[in-house]
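Asks: Let me begin by handing over the structure; questions about it come next.
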Amino acid sequence: TAGFGRIADAHRLRPAVVTADFATGGELKLTVATNFEVLLAGIAPKHEDTTDAPEAKKYAALRALSTHDFTVRLREFAPKYLQSLRAGFDDQLVVFTLADVRVPSDVEPEQARITTLVATATVPTDASAFTWRYPALYGGSALRISVDGAKPVVTEWLPTETTSKAYQIGEPLRARTTMEVAAAHTWLGYIHILPRGLDHTLFVLGIFLLSIRLRPVVWQVTAFTVAHSITLGLALFGHVAAPAAIVEPLIALSIVYIGVENVLTRDLKSWRVFIVFLFGLLHGMGFAGVLLDLGLPAGETVTALITFNVGVELGQLSVIALALLATFRWRDRPWFRQRVVVPGSLVIAVVGAFWTLERIGLI
């Protein structure tokens, strides 16, 4: 059932998941799992969606390659890629040697092909500290550190152009404290809404537009949060599973529904909170992929789950606050619905419809 958590929209950029495994014999084994088609196409991290990038056609052509052909292309690209990695011991950068390339062969058309590249390097005998920096050209990364192939003890989320903290060599890895886990996952949840969660942001804006009163908006957002917390928790503990081919289009359809309903009705119906709750269950399945891809901290699963949801809620409230600041002078004007609510909701519905067609492979 964990495979559900690997939801990865084929057109949505995600950070590389990097595992640095230190063997007792002095070898560093580096495993990078990411969408290498994005890297080979040359799509810049600023493009949240690959379809917005000038290299979109090149990306599509790479996705169309067979497993064998893409493996060949990636092996050709690997030396340049490995040379760009900034894994260092003290002030000395290490040189990696390609060990393996694992290209999945059973990826659904709506999913990104997450390929794993394995490389090795020798740890200098006099090394005292290890640091990691992913090339800014390729975006952000999540660094996981383990010893002798054991479950990673440390997971550090590193936005673009960020260097990891220094990890002392030869000392037992210290798992992050509960407060450190809480802070990291609150921030991760927040940025999954702002700025990275455009689909979730549009859904929240759709909720905001229908009612000029703040209390009903907060009730709907709270219902949405409770719902996605339920499915996120169930997914993380392996109790629910759903294929990306179903979940991702339904998330897009939920955006269409909110936009269309805003156009067709002037009043907030009592059952809308229930509808929002049902859609929240879907969005929670989408959130699950983020935490499962990055890896949950050992012994702190509950903390990570709760604080990630707190971050998501804070992100949603930030969206509402920004929308309120932008419109509070006009929300009680008689023309507000005609000039703001209807056009804004139509834009939301059209974008959601485009994503729906895109995610089912029709465009």
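To be explicit about the labels: the chains of the structure tokens are called A, B, and onward in the order shown, and within each one the residues are counted from 1, while ligands get numbers from 1 in the order they are shown.
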For segment 270-279 of chain A, work out the shell of residues within 7 Å, counting only C-alpha atoms and skipping chain neighbours fewer than 5 positions away, then give it as a list in words.
Replies: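 Skipping anything fewer than 5 positions along the chain leaves Gln220, Ala223, Phe224, Ala227 and Ser254 of chain A.
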Asks: Report as a ChimeraX atom specification all protein, DNA and RNA residues lying within 12 Å of Ser229 of chain A, evaluated on only C-alpha atoms, omitting residues in the same chain fewer than 2 positions from it.
Replies: /A:189,222-227,231-236,277-288,302,304-313
Asks: Can you write out the residues you just picked, keeping N, CA, C and O atoms, as a compact mmCIF listing (two decimals), in the first residue's frame?
Replies:
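In the end it all went to selection14.txt:
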```txt
# COMPACT_ATOMS: atom_id res chain seq x y z
N GLY A 189 5.06 21.73 5.37
CA GLY A 189 3.63 21.81 5.11
C GLY A 189 3.22 23.17 4.58
O GLY A 189 2.39 23.27 3.67
N THR A 222 -11.36 24.61 7.75
CA THR A 222 -11.14 23.66 8.85
C THR A 222 -11.61 22.27 8.47
O THR A 222 -10.93 21.27 8.74
N ALA A 223 -12.79 22.17 7.84
CA ALA A 223 -13.29 20.87 7.37
C ALA A 223 -12.33 20.26 6.37
O ALA A 223 -12.06 19.04 6.39
N PHE A 224 -11.81 21.09 5.49
CA PHE A 224 -10.84 20.63 4.49
C PHE A 224 -9.59 20.09 5.18
O PHE A 224 -9.07 19.03 4.82
N THR A 225 -9.12 20.80 6.21
CA THR A 225 -7.91 20.38 6.92
C THR A 225 -8.13 19.08 7.67
O THR A 225 -7.29 18.18 7.64
N VAL A 226 -9.26 18.97 8.37
CA VAL A 226 -9.56 17.73 9.10
C VAL A 226 -9.61 16.55 8.14
O VAL A 226 -9.06 15.47 8.42
N ALA A 227 -10.24 16.75 7.00
CA ALA A 227 -10.37 15.67 6.02
C ALA A 227 -9.04 15.23 5.47
O ALA A 227 -8.72 14.03 5.43
N THR A 231 -6.96 11.29 5.69
CA THR A 231 -6.42 10.43 4.64
C THR A 231 -4.90 10.46 4.61
O THR A 231 -4.27 9.46 4.27
N LEU A 232 -4.31 11.60 4.96
CA LEU A 232 -2.85 11.66 5.03
C LEU A 232 -2.32 10.69 6.08
O LEU A 232 -1.38 9.92 5.83
N GLY A 233 -2.95 10.70 7.26
CA GLY A 233 -2.53 9.78 8.32
C GLY A 233 -2.73 8.33 7.94
O GLY A 233 -1.86 7.48 8.16
N LEU A 234 -3.90 8.02 7.35
CA LEU A 234 -4.18 6.64 6.95
C LEU A 234 -3.20 6.17 5.89
O LEU A 234 -2.75 5.01 5.91
N ALA A 235 -2.84 7.06 4.96
CA ALA A 235 -1.89 6.69 3.90
C ALA A 235 -0.50 6.45 4.46
O ALA A 235 0.18 5.50 4.08
N LEU A 236 -0.08 7.31 5.39
CA LEU A 236 1.27 7.17 5.94
C LEU A 236 1.42 5.87 6.71
O LEU A 236 2.51 5.28 6.75
N PHE A 277 -15.36 18.77 2.75
CA PHE A 277 -14.75 17.70 3.54
C PHE A 277 -14.40 16.51 2.64
O PHE A 277 -13.30 15.95 2.73
N LEU A 278 -15.31 16.13 1.75
CA LEU A 278 -15.05 15.01 0.85
C LEU A 278 -13.86 15.31 -0.07
O LEU A 278 -13.01 14.45 -0.30
N PHE A 279 -13.80 16.53 -0.56
CA PHE A 279 -12.68 16.90 -1.42
C PHE A 279 -11.38 16.93 -0.62
O PHE A 279 -10.30 16.65 -1.15
N GLY A 280 -11.49 17.30 0.65
CA GLY A 280 -10.30 17.29 1.51
C GLY A 280 -9.71 15.90 1.63
O GLY A 280 -8.48 15.74 1.72
N LEU A 281 -10.56 14.88 1.63
CA LEU A 281 -10.06 13.50 1.68
C LEU A 281 -9.18 13.21 0.47
O LEU A 281 -8.15 12.54 0.58
N LEU A 282 -9.58 13.72 -0.68
CA LEU A 282 -8.79 13.53 -1.90
C LEU A 282 -7.46 14.26 -1.81
O LEU A 282 -6.40 13.71 -2.13
N HIS A 283 -7.51 15.52 -1.37
CA HIS A 283 -6.29 16.30 -1.30
C HIS A 283 -5.30 15.70 -0.32
O HIS A 283 -4.09 15.79 -0.50
N GLY A 284 -5.80 15.06 0.74
CA GLY A 284 -4.92 14.40 1.70
C GLY A 284 -4.11 13.30 1.05
O GLY A 284 -2.95 13.06 1.40
N MET A 285 -4.72 12.61 0.08
CA MET A 285 -3.98 11.57 -0.63
C MET A 285 -2.85 12.17 -1.45
O MET A 285 -1.79 11.57 -1.60
N GLY A 286 -3.09 13.38 -1.99
CA GLY A 286 -2.02 14.05 -2.72
C GLY A 286 -0.89 14.49 -1.80
O GLY A 286 0.29 14.39 -2.14
N PHE A 287 -1.24 14.95 -0.57
CA PHE A 287 -0.23 15.37 0.39
C PHE A 287 0.66 14.20 0.81
O PHE A 287 1.84 14.38 1.13
N ALA A 288 0.09 13.01 0.84
CA ALA A 288 0.83 11.85 1.35
C ALA A 288 2.11 11.61 0.58
O ALA A 288 3.13 11.20 1.15
N VAL A 302 4.38 10.60 14.26
CA VAL A 302 3.19 11.36 14.69
C VAL A 302 3.50 12.84 14.73
O VAL A 302 2.70 13.67 14.27
N ALA A 304 5.75 14.43 12.96
CA ALA A 304 5.86 14.90 11.58
C ALA A 304 4.48 15.07 10.95
O ALA A 304 4.23 16.06 10.25
N LEU A 305 3.59 14.13 11.19
CA LEU A 305 2.25 14.18 10.62
C LEU A 305 1.48 15.39 11.13
O LEU A 305 0.89 16.16 10.36
N ILE A 306 1.49 15.57 12.45
CA ILE A 306 0.72 16.68 13.04
C ILE A 306 1.26 18.03 12.59
O ILE A 306 0.49 18.92 12.18
N THR A 307 2.57 18.19 12.67
CA THR A 307 3.13 19.50 12.35
C THR A 307 3.08 19.80 10.85
O THR A 307 2.96 20.96 10.46
N PHE A 308 3.15 18.78 10.01
CA PHE A 308 2.96 19.00 8.58
C PHE A 308 1.56 19.56 8.33
O PHE A 308 1.38 20.51 7.56
N ASN A 309 0.56 18.98 9.00
CA ASN A 309 -0.80 19.48 8.86
C ASN A 309 -0.95 20.89 9.41
O ASN A 309 -1.70 21.70 8.86
N VAL A 310 -0.24 21.18 10.50
CA VAL A 310 -0.25 22.54 11.03
C VAL A 310 0.30 23.51 9.98
O VAL A 310 -0.27 24.59 9.75
N GLY A 311 1.39 23.12 9.34
CA GLY A 311 1.97 23.96 8.30
C GLY A 311 1.02 24.17 7.14
O GLY A 311 0.90 25.28 6.60
N VAL A 312 0.33 23.09 6.73
CA VAL A 312 -0.65 23.21 5.65
C VAL A 312 -1.77 24.18 6.04
O VAL A 312 -2.18 25.04 5.25
N GLU A 313 -2.26 24.04 7.27
CA GLU A 313 -3.32 24.93 7.74
C GLU A 313 -2.85 26.38 7.78
O GLU A 313 -3.57 27.30 7.37
```
Asks: For the structure I just gave you, how does DSSP split segment 53-264 of chain A - specifically, which residues are strand (DSSP E)? Reply as number ranges by chain.
Replies: A: 86-89, 92-93, 97-102, 115-122, 129-133, 141-147, 154-158, 167-168
Asks: When you count only C-alpha atoms, which of these residues is closest to Ile255 of chain A: A:Ala44, A:Ala353, A:Val240, A:Ala60?
Replies: A:Ala353
Asks: Using only C-alpha atoms, can you tell me which of A:Gln168, A:Asp126, A:Asp90, A:Asn35 comes closest to Arg102 of chain A?
Replies: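 Using only C-alpha atoms, Arg102 of chain A sits closest to A:Asn35.
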Asks: So which one's closest to Thr186 of chain A, A:His200, A:Gly315, A:Lys151, A:Ala136? Using only C-alpha atoms, please.
Replies: A:Gly315
Asks: Name the residues in contact with Ala16 of chain A at a cut-off of 6 Å, using only C-alpha atoms, excluding same-chain residues fewer than 4 positions from it; report them as number ranges by chain.
Replies: A: 33-34, 141
Asks: Could you write out, as an NGL selection string, all the residues of segment 24-273 of chain A that DSSP marks as alpha helix (DSSP H)?
Replies: :A and (36-41 or 56-63 or 67-84 or 178-191 or 198-210 or 214-236 or 244-264 or 272-273)
Asks: Using only C-alpha atoms, pick whichever of A:Val147, A:Val263, A:Ala245, A:Val72 has the shortest atom-to-atom distance to Gln338 of chain A.
Replies: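 Residue with the minimum atom-to-atom distance to Gln338 of chain A: A:Val263.
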